[in-house]
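Novice: What follows is my_file.cif, made up of mmCIF, C-alpha atoms (C1' of nucleotides):
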```cif
data_target
loop_
_atom_site.label_atom_id
_atom_site.label_comp_id
_atom_site.auth_asym_id
_atom_site.auth_seq_id
_atom_site.Cartn_x
_atom_site.Cartn_y
_atom_site.Cartn_z
CA MET A 1166 78.53 -166.95 27.70
CA LEU A 1167 80.40 -169.99 26.58
CA THR A 1168 80.18 -173.35 28.27
CA ARG A 1169 83.35 -175.27 28.83
CA GLU A 1170 82.31 -177.70 26.07
CA GLU A 1171 81.64 -174.90 23.61
CA ALA A 1172 84.96 -173.30 24.41
CA ALA A 1173 86.87 -176.54 23.90
CA GLN A 1174 85.05 -177.16 20.63
CA GLY A 1175 85.81 -173.63 19.49
CA PHE A 1176 89.48 -173.94 20.31
CA ALA A 1177 89.67 -177.32 18.59
CA ALA A 1178 88.12 -175.74 15.52
CA VAL A 1179 90.96 -173.24 15.20
CA GLY A 1180 93.49 -175.76 16.45
CA SER A 1181 94.52 -176.96 13.02
CA GLU A 1182 96.53 -174.85 10.63
CA PRO A 1183 94.34 -175.25 7.58
CA ARG A 1184 91.27 -174.37 9.62
CA LEU A 1185 92.97 -171.44 11.28
CA ASP A 1186 93.84 -170.21 7.79
CA VAL A 1187 90.21 -170.43 6.78
CA LEU A 1188 89.06 -168.54 9.84
CA LEU A 1189 91.68 -165.84 9.40
CA VAL A 1190 90.71 -165.05 5.82
CA LEU A 1191 87.12 -164.76 7.01
CA VAL A 1192 88.13 -162.49 9.88
CA ARG A 1193 90.03 -160.29 7.48
CA ALA A 1194 87.09 -160.25 5.10
CA GLY A 1195 84.94 -158.74 7.82
CA SER A 1196 81.18 -158.66 7.78
CA ALA A 1197 80.91 -159.11 4.01
CA GLY A 1198 82.16 -162.66 4.32
CA LEU A 1199 83.42 -164.87 1.53
CA THR A 1200 81.88 -167.62 -0.56
CA VAL A 1201 83.35 -171.09 -0.42
CA GLY A 1202 84.80 -170.52 -3.86
CA GLU A 1203 86.49 -167.31 -2.81
CA ILE A 1204 88.09 -169.00 0.17
CA GLN A 1205 89.18 -171.78 -2.11
CA GLU A 1206 90.88 -169.32 -4.46
CA ARG A 1207 92.73 -167.65 -1.62
CA LEU A 1208 93.87 -170.82 0.10
CA ASN A 1209 94.24 -173.17 -2.82
CA VAL A 1210 92.72 -176.19 -1.14
CA PRO A 1211 90.49 -178.91 -2.65
CA GLY A 1212 86.77 -178.25 -2.30
CA SER A 1213 85.99 -181.36 -0.39
CA THR A 1214 88.71 -180.62 2.14
CA LEU A 1215 87.56 -177.05 2.53
CA SER A 1216 83.97 -178.12 2.95
CA HIS A 1217 85.01 -180.49 5.70
CA HIS A 1218 86.85 -177.73 7.55
CA LEU A 1219 84.05 -175.23 7.14
CA ARG A 1220 81.61 -177.70 8.61
CA PHE A 1221 83.90 -178.02 11.59
CA LEU A 1222 84.07 -174.25 12.03
CA ALA A 1223 80.32 -173.88 11.59
CA ALA A 1224 79.62 -176.65 14.10
CA ALA A 1225 81.68 -174.72 16.62
CA GLU A 1226 79.65 -171.63 15.67
CA LEU A 1227 82.77 -169.71 14.78
CA VAL A 1228 81.53 -169.28 11.23
CA GLU A 1229 78.02 -168.61 9.97
CA GLN A 1230 76.91 -169.81 6.59
CA GLU A 1231 74.21 -168.22 4.51
CA LYS A 1232 73.02 -169.57 1.25
CA ASN A 1233 72.83 -167.07 -1.55
CA GLY A 1234 71.81 -168.49 -4.90
CA ARG A 1235 74.16 -171.33 -5.60
CA SER A 1236 76.87 -169.84 -3.46
CA ILE A 1237 77.28 -170.01 0.27
CA VAL A 1238 78.56 -166.95 2.05
CA ASN A 1239 80.67 -167.61 5.11
CA ARG A 1240 81.16 -165.03 7.83
CA ALA A 1241 83.29 -165.07 10.95
CA ALA A 1242 81.11 -165.01 14.07
CA PHE A 1243 82.80 -162.09 15.71
CA ASN A 1244 80.87 -162.22 18.96
CA ARG A 1245 81.74 -165.84 19.40
CA LEU A 1246 85.39 -165.18 18.66
CA GLU A 1247 85.47 -162.45 21.26
CA ALA A 1248 83.91 -164.78 23.79
CA LEU A 1249 86.52 -167.41 23.01
CA ALA A 1250 89.31 -164.88 23.34
CA ASP A 1251 88.04 -163.88 26.77
CA TYR A 1252 87.52 -167.41 27.95
CA LEU A 1253 91.04 -168.47 28.81
CA LEU A 1254 91.95 -165.77 31.27
CA ARG A 1255 88.52 -164.96 32.62
CA GLU A 1256 89.08 -166.74 35.89
CA CYS A 1257 92.66 -165.77 36.19
CA CYS A 1258 94.11 -166.19 39.64
CA ALA A 1259 90.75 -166.80 41.30
CA ASP A 1260 92.46 -169.21 43.70
CA GLU A 1261 95.44 -167.01 44.26
CA THR A 1262 95.93 -166.59 48.01
CA THR A 1263 99.02 -164.45 48.03
CA ALA A 1264 99.70 -161.37 45.90
CA PRO A 1265 97.58 -161.35 42.75
CA ARG A 1266 99.34 -161.16 39.42
CA LYS A 1267 100.01 -157.52 38.62
CA GLY A 1268 97.90 -156.07 35.85
CA GLN A 1269 95.79 -159.19 35.61
CA ALA A 1270 92.01 -158.92 35.71
CA GLN A 1271 90.55 -160.72 38.68
CA SER A 1272 87.82 -163.32 38.28
CA LYS A 1273 84.24 -162.16 38.48
CA THR A 1274 83.51 -165.27 40.51
CA ALA A 1275 86.06 -164.40 43.15
CA ALA A 1276 84.86 -162.53 46.21
CA GLU A 1277 85.37 -158.82 45.81
CA MET B 1424 104.35 -162.42 18.58
CA LEU B 1425 102.87 -165.73 17.67
CA THR B 1426 103.41 -167.44 14.36
CA ARG B 1427 100.46 -169.03 12.68
CA GLU B 1428 101.87 -172.47 13.58
CA GLU B 1429 102.31 -171.56 17.22
CA ALA B 1430 98.80 -170.18 17.38
CA ALA B 1431 97.29 -173.31 15.84
CA GLN B 1432 99.29 -175.49 18.21
CA GLY B 1433 98.16 -173.39 21.16
CA PHE B 1434 94.52 -173.59 20.19
CA ALA B 1435 94.79 -177.32 19.62
CA ALA B 1436 96.26 -177.64 23.09
CA VAL B 1437 93.17 -176.12 24.70
CA GLY B 1438 90.90 -177.72 22.15
CA SER B 1439 90.13 -180.79 24.19
CA GLU B 1440 87.98 -180.72 27.29
CA PRO B 1441 90.32 -182.57 29.60
CA ARG B 1442 93.16 -180.32 28.57
CA LEU B 1443 91.10 -177.18 28.86
CA ASP B 1444 90.23 -178.32 32.37
CA VAL B 1445 93.89 -178.66 33.20
CA LEU B 1446 94.70 -175.24 31.85
CA LEU B 1447 91.82 -173.62 33.68
CA VAL B 1448 92.82 -174.94 37.08
CA LEU B 1449 96.31 -173.61 36.41
CA VAL B 1450 94.95 -170.22 35.35
CA ARG B 1451 92.90 -170.06 38.53
CA ALA B 1452 95.90 -171.07 40.58
CA GLY B 1453 97.77 -168.03 39.31
CA SER B 1454 101.49 -167.56 39.54
CA ALA B 1455 101.93 -170.08 42.36
CA GLY B 1456 101.07 -172.91 40.00
CA LEU B 1457 100.19 -176.46 40.96
CA THR B 1458 102.12 -179.71 41.11
CA VAL B 1459 101.05 -182.59 38.92
CA GLY B 1460 99.68 -184.30 42.00
CA GLU B 1461 97.58 -181.29 42.95
CA ILE B 1462 96.09 -181.12 39.48
CA GLN B 1463 95.41 -184.83 39.69
CA GLU B 1464 93.52 -184.39 42.96
CA ARG B 1465 91.40 -181.60 41.56
CA LEU B 1466 90.55 -183.29 38.28
CA ASN B 1467 90.56 -186.92 39.27
CA VAL B 1468 92.35 -188.22 36.22
CA PRO B 1469 94.93 -191.02 35.94
CA GLY B 1470 98.51 -189.86 36.19
CA SER B 1471 99.59 -191.17 32.83
CA THR B 1472 96.71 -189.40 31.13
CA LEU B 1473 97.44 -186.16 32.93
CA SER B 1474 101.11 -186.40 32.08
CA HIS B 1475 100.22 -186.83 28.42
CA HIS B 1476 98.03 -183.72 28.46
CA LEU B 1477 100.56 -181.64 30.34
CA ARG B 1478 103.19 -182.51 27.80
CA PHE B 1479 100.85 -181.28 25.10
CA LEU B 1480 100.25 -178.02 26.93
CA ALA B 1481 103.93 -177.56 27.66
CA ALA B 1482 104.85 -178.25 24.02
CA ALA B 1483 102.50 -175.46 23.02
CA GLU B 1484 104.20 -173.31 25.67
CA LEU B 1485 100.91 -172.62 27.38
CA VAL B 1486 102.23 -174.20 30.57
CA GLU B 1487 105.68 -173.97 32.10
CA GLN B 1488 107.04 -176.79 34.21
CA GLU B 1489 109.61 -176.41 36.93
CA LYS B 1490 111.07 -179.27 38.85
CA ASN B 1491 111.06 -178.85 42.60
CA GLY B 1492 112.38 -181.82 44.50
CA ARG B 1493 110.35 -184.77 43.34
CA SER B 1494 107.43 -182.61 42.37
CA ILE B 1495 106.90 -180.65 39.20
CA VAL B 1496 105.23 -177.29 39.48
CA ASN B 1497 103.10 -176.29 36.54
CA ARG B 1498 102.24 -172.69 35.81
CA ALA B 1499 100.02 -171.14 33.17
CA ALA B 1500 102.07 -169.05 30.74
CA PHE B 1501 99.98 -165.93 31.03
CA ASN B 1502 101.83 -163.94 28.39
CA ARG B 1503 101.34 -166.69 25.90
CA LEU B 1504 97.68 -167.00 26.74
CA GLU B 1505 97.19 -163.30 26.21
CA ALA B 1506 98.92 -163.54 22.86
CA LEU B 1507 96.63 -166.40 21.89
CA ALA B 1508 93.57 -164.50 22.99
CA ASP B 1509 94.59 -161.55 20.82
CA TYR B 1510 95.45 -163.66 17.83
CA LEU B 1511 92.06 -164.41 16.36
CA LEU B 1512 90.74 -160.91 15.90
CA ARG B 1513 94.02 -159.10 15.40
CA GLU B 1514 93.56 -158.69 11.68
CA CYS B 1515 89.86 -158.15 11.85
CA CYS B 1516 88.35 -156.63 8.77
CA ALA B 1517 91.70 -155.81 7.17
CA ASP B 1518 90.19 -156.56 3.76
CA GLU B 1519 86.96 -154.77 4.47
CA THR B 1520 86.31 -152.34 1.63
CA THR B 1521 82.98 -150.93 2.76
CA ALA B 1522 82.04 -149.78 6.25
CA PRO B 1523 84.28 -151.37 8.91
CA ARG B 1524 82.63 -153.31 11.68
CA LYS B 1525 81.67 -150.90 14.43
CA GLY B 1526 83.75 -151.10 17.57
CA GLN B 1527 86.16 -153.53 16.00
CA ALA B 1528 89.89 -152.84 16.18
CA GLN B 1529 91.43 -152.39 12.76
CA SER B 1530 94.39 -154.43 11.69
CA LYS B 1531 97.86 -153.01 12.25
CA THR B 1532 98.79 -154.31 8.82
CA ALA B 1533 96.05 -152.37 7.09
CA ALA B 1534 96.95 -149.00 5.63
CA GLU B 1535 96.16 -146.24 8.07
"C1'" DG C 1334 65.38 -179.68 -20.47
"C1'" DC C 1335 70.31 -179.15 -20.58
"C1'" DA C 1336 74.87 -177.49 -19.67
"C1'" DA C 1337 77.51 -175.02 -16.40
"C1'" DT C 1338 78.62 -173.64 -11.85
"C1'" DA C 1339 78.82 -174.03 -6.62
"C1'" DA C 1340 79.17 -176.72 -3.09
"C1'" DT C 1341 78.43 -181.01 -0.48
"C1'" DT C 1342 78.50 -185.87 0.52
"C1'" DC C 1343 80.54 -190.33 -0.19
"C1'" DT C 1344 84.39 -193.17 0.22
"C1'" DA C 1345 88.76 -194.80 1.53
"C1'" DT C 1346 93.34 -194.46 3.45
"C1'" DA C 1347 96.68 -192.44 6.44
"C1'" DT C 1348 97.69 -190.25 10.57
"C1'" DT C 1349 96.99 -188.51 15.01
"C1'" DT C 1350 95.20 -188.46 19.41
"C1'" DC C 1351 92.94 -190.49 23.59
"C1'" DT C 1352 92.97 -193.33 27.45
"C1'" DA C 1353 94.88 -195.75 31.01
"C1'" DG C 1354 97.39 -199.82 33.03
"C1'" DA C 1355 102.04 -201.36 33.83
"C1'" DA C 1356 106.75 -200.56 34.21
"C1'" DA C 1357 110.47 -197.38 34.83
"C1'" DT C 1358 112.87 -193.31 36.71
"C1'" DA C 1359 113.99 -189.94 40.15
"C1'" DA C 1360 114.18 -187.86 44.70
"C1'" DC C 1361 113.70 -187.95 49.40
"C1'" DG C 1362 113.66 -189.72 54.31
"C1'" DA C 1363 114.89 -193.07 57.67
"C1'" DT D 1169 120.22 -199.08 51.23
"C1'" DC D 1170 115.38 -199.50 51.21
"C1'" DG D 1171 110.80 -198.08 50.97
"C1'" DT D 1172 107.85 -194.35 49.63
"C1'" DT D 1173 106.26 -190.73 46.84
"C1'" DA D 1174 105.99 -188.10 42.38
"C1'" DT D 1175 105.97 -188.33 37.83
"C1'" DT D 1176 107.05 -190.08 33.32
"C1'" DT D 1177 107.53 -193.42 29.68
"C1'" DC D 1178 106.00 -197.56 27.47
"C1'" DT D 1179 102.47 -199.92 25.31
"C1'" DA D 1180 98.38 -200.92 22.86
"C1'" DG D 1181 93.71 -200.70 21.30
"C1'" DA D 1182 89.95 -197.54 20.25
"C1'" DA D 1183 88.35 -193.39 18.35
"C1'" DA D 1184 88.68 -189.17 15.86
"C1'" DT D 1185 90.49 -186.34 12.21
"C1'" DA D 1186 92.88 -185.24 7.75
"C1'" DT D 1187 93.03 -185.43 2.91
"C1'" DA D 1188 91.24 -185.56 -1.48
"C1'" DG D 1189 89.15 -187.90 -5.69
"C1'" DA D 1190 84.69 -189.24 -7.41
"C1'" DA D 1191 79.92 -188.92 -7.37
"C1'" DT D 1192 75.91 -186.20 -6.12
"C1'" DT D 1193 72.78 -182.34 -5.25
"C1'" DA D 1194 71.17 -177.73 -6.09
"C1'" DT D 1195 70.79 -173.45 -8.68
"C1'" DT D 1196 70.96 -170.67 -12.57
"C1'" DG D 1197 70.85 -169.17 -17.55
"C1'" DC D 1198 69.70 -170.34 -22.07
#
```
Would you mind giving the structure from this file in structure tokens?
Specialist:
Amino acid sequence: MLTREEAAQGFAAVGSEPRLDVLLVLVRAGSAGLTVGEIQERLNVPGSTLSHHLRFLAAAELVEQEKNGRSIVNRAAFNRLEALADYLLRECCADETTAPRKGQAQSKTAAE
Amino acid sequence: MLTREEAAQGFAAVGSEPRLDVLLVLVRAGSAGLTVGEIQERLNVPGSTLSHHLRFLAAAELVEQEKNGRSIVNRAAFNRLEALADYLLRECCADETTAPRKGQAQSKTAAE
DNA sequence: GCAATAATTCTATATTTCTAGAAATAACGA
DNA sequence: TCGTTATTTCTAGAAATATAGAATTATTGC
């Protein structure tokens, strides 16, 4: 489960277009991941800039990096991404006193 | 459907703790929404700062603002939040050539 | 050891964002 | 109209982030 700080950091990490691009190519790549060089080929971005963005994504634990020879394989952290996706609406309407929003999951913290 | 730019802007909007706090109280409040003053009470933040953050959230269309007398009611844009939540993993594993990630939805853009 | 490759760190500049006090605007009630 | 309430806009300094070239580190093959 994500803390509020982790969630904000995660959202900030994908809150810039170049970084969102990086994450999306990794998500598409699936569990095989991509090396830094492969990402660089796909996105056509200078190495130092890419490295900076990858560090950001790794710090937010949205991307995992594994060294393999002189390459570094980057993989999307799918569990973390799912947790992020769930985070925003998790407590939906917990304070709602009148009719709850139709079709909206109710908060687990709200009294059943 | 969200463009890449809209998605990045949306994530950036919830990518700061104070702003995530604002969004979360609105999500909890449900469809009734909250006035700026009510948010201010709950979060204990200066009005000018809150106004700045709300503008950010509204620009990303994560929050809708409706004027009501001298108050402004703010509501979470649930549809948009759902779209954001779906965005990250939508194209999961589209480029995967070997075994797809178990339990992971396949991309709509991938050949069926 | 040496050249080549893969990636990071260093550095510097430009831009954006954060924060919040002060002033301004807008709406209502008497 | 006047005072009060609700909110925004103005302003400005501090902090964070973006970008990318140059230098550096690490790994491999010969």
Novice: Report as JSON lines the residues of chain C within 9 Å of chain B, each with its shortest atom pair and distance in Å (one decimal), using all atoms listed in the file, ordered by chain and increasing residue number.
Specialist:
```
{"residue": "C:DC1351", "atom": "C1'", "partner": "B:Thr1472", "partner_atom": "CA", "distance": 8.5}
{"residue": "C:DT1352", "atom": "C1'", "partner": "B:Thr1472", "partner_atom": "CA", "distance": 6.6}
{"residue": "C:DA1353", "atom": "C1'", "partner": "B:Thr1472", "partner_atom": "CA", "distance": 6.6}
{"residue": "C:DG1354", "atom": "C1'", "partner": "B:Ser1471", "partner_atom": "CA", "distance": 8.9}
{"residue": "C:DA1359", "atom": "C1'", "partner": "B:Arg1493", "partner_atom": "CA", "distance": 7.1}
{"residue": "C:DA1360", "atom": "C1'", "partner": "B:Arg1493", "partner_atom": "CA", "distance": 5.1}
{"residue": "C:DC1361", "atom": "C1'", "partner": "B:Arg1493", "partner_atom": "CA", "distance": 7.6}
```
Novice: Hey, what's within 12 Å of Gly1180 of chain A if we count all atoms listed in the file and toss same-chain stuff fewer than 5 positions away? As JSON, numbers by chain, please?
Specialist: {"A": [1172, 1173, 1174, 1175, 1185, 1186, 1187, 1188, 1218, 1221, 1222, 1225], "B": [1427, 1428, 1429, 1430, 1431, 1432, 1433, 1434, 1435, 1436, 1437, 1438, 1439, 1483, 1507, 1511], "D": [1185]}
Novice: Give me, as a PyMOL selection string, the contact residues of chain A against chain B at a cut-off of 6 Å, counting all atoms listed in the file.
Specialist: chain A and resi 1173+1176-1177+1180-1182+1192-1195+1250+1256-1261
Novice: Limited to C-alpha atoms, could you put the picked residues into a file as a short mmCIF file (atom, residue, chain, number, x, y, z; two decimals), in the coordinates of the input?
Specialist:
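Full text of selection-v7.cif as output:
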```cif
data_model
loop_
_atom_site.label_atom_id
_atom_site.label_comp_id
_atom_site.auth_asym_id
_atom_site.auth_seq_id
_atom_site.Cartn_x
_atom_site.Cartn_y
_atom_site.Cartn_z
CA ALA A 1173 86.87 -176.54 23.90
CA PHE A 1176 89.48 -173.94 20.31
CA ALA A 1177 89.67 -177.32 18.59
CA GLY A 1180 93.49 -175.76 16.45
CA SER A 1181 94.52 -176.96 13.02
CA GLU A 1182 96.53 -174.85 10.63
CA VAL A 1192 88.13 -162.49 9.88
CA ARG A 1193 90.03 -160.29 7.48
CA ALA A 1194 87.09 -160.25 5.10
CA GLY A 1195 84.94 -158.74 7.82
CA ALA A 1250 89.31 -164.88 23.34
CA GLU A 1256 89.08 -166.74 35.89
CA CYS A 1257 92.66 -165.77 36.19
CA CYS A 1258 94.11 -166.19 39.64
CA ALA A 1259 90.75 -166.80 41.30
CA ASP A 1260 92.46 -169.21 43.70
CA GLU A 1261 95.44 -167.01 44.26
#
```
Novice: Quick one, how far is atom C1' of DC1178 of chain D from atom C1' of DA1357 of chain C?
Specialist: 8.6 Å
Novice: Which polymer residues, protein or nucleic acid, are no farther than 10 Å from (81.9, -174.1, -10.5), counting all atoms listed in the file, as an MDAnalysis selection string?
Specialist: (chainID A and resid 1202 1235:1236) or (chainID C and resid 1337:1340)
Novice: Do me a favour and pick out the residues of chain D within 12 Å of chain A, using only C-alpha atoms (C1' of nucleotides), as a PDB file with C-alpha atoms (C1' of nucleotides), keeping the file's coordinate frame.
Specialist:
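As written to disk, result-v9.pdb reads:
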```pdb
ATOM      1  C1'  DT D1185      90.490-186.340  12.210  1.00  0.00           C
ATOM      2  C1'  DA D1186      92.880-185.240   7.750  1.00  0.00           C
ATOM      3  C1'  DT D1187      93.030-185.430   2.910  1.00  0.00           C
ATOM      4  C1'  DA D1188      91.240-185.560  -1.480  1.00  0.00           C
ATOM      5  C1'  DG D1189      89.150-187.900  -5.690  1.00  0.00           C
ATOM      6  C1'  DA D1190      84.690-189.240  -7.410  1.00  0.00           C
ATOM      7  C1'  DA D1191      79.920-188.920  -7.370  1.00  0.00           C
ATOM      8  C1'  DT D1193      72.780-182.340  -5.250  1.00  0.00           C
ATOM      9  C1'  DA D1194      71.170-177.730  -6.090  1.00  0.00           C
ATOM     10  C1'  DT D1195      70.790-173.450  -8.680  1.00  0.00           C
ATOM     11  C1'  DT D1196      70.960-170.670 -12.570  1.00  0.00           C
TER      12       DT D1196
END
```
Novice: Select, from C:DA1356, C:DA1336, C:DA1363, C:DA1347, the residue with the minimum atom-to-atom distance to DG1171 of chain D, counting all atoms listed in the file.
Specialist: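 Among C:DA1356, C:DA1336, C:DA1363, C:DA1347, it is C:DA1363 that comes nearest to DG1171 of chain D.
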Novice: Name the residues captured by the PyMOL selection byres ((chain B and resi 1487) around 6) when it is applied to the shown file; answer as a ChimeraX atom specification.
Specialist: /B:1481,1486,1488,1497-1498
Novice: In Å to one decimal, how far is atom CA of Glu1206 of chain A from atom CA of Ala1242 of chain A?
Specialist: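 We find that atom CA of Ala1242 of chain A and atom CA of Glu1206 of chain A lie 21.4 Å from each other.
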Novice: Could you tell me, as a list in words, which residues have any atom at most 9 Å from (77.6, -165.1, 25.3), counting only C-alpha atoms (C1' of nucleotides)?
Specialist: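 Residues satisfying the cut-off, written out: Met1166, Leu1167, Asn1244, Arg1245 and Ala1248 of chain A.
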Novice: Separation of atom CA of Leu1199 of chain A and atom CA of Ile1237 of chain A, in Å?
Specialist: 8.1 Å
Novice: Taking the file as shown, what set of residues would the PyMOL selection byres ((chain D and resi 1176) around 8) give back, as a ChimeraX atom specification?
Specialist: /B:1471,1474 /C:1358 /D:1175,1177
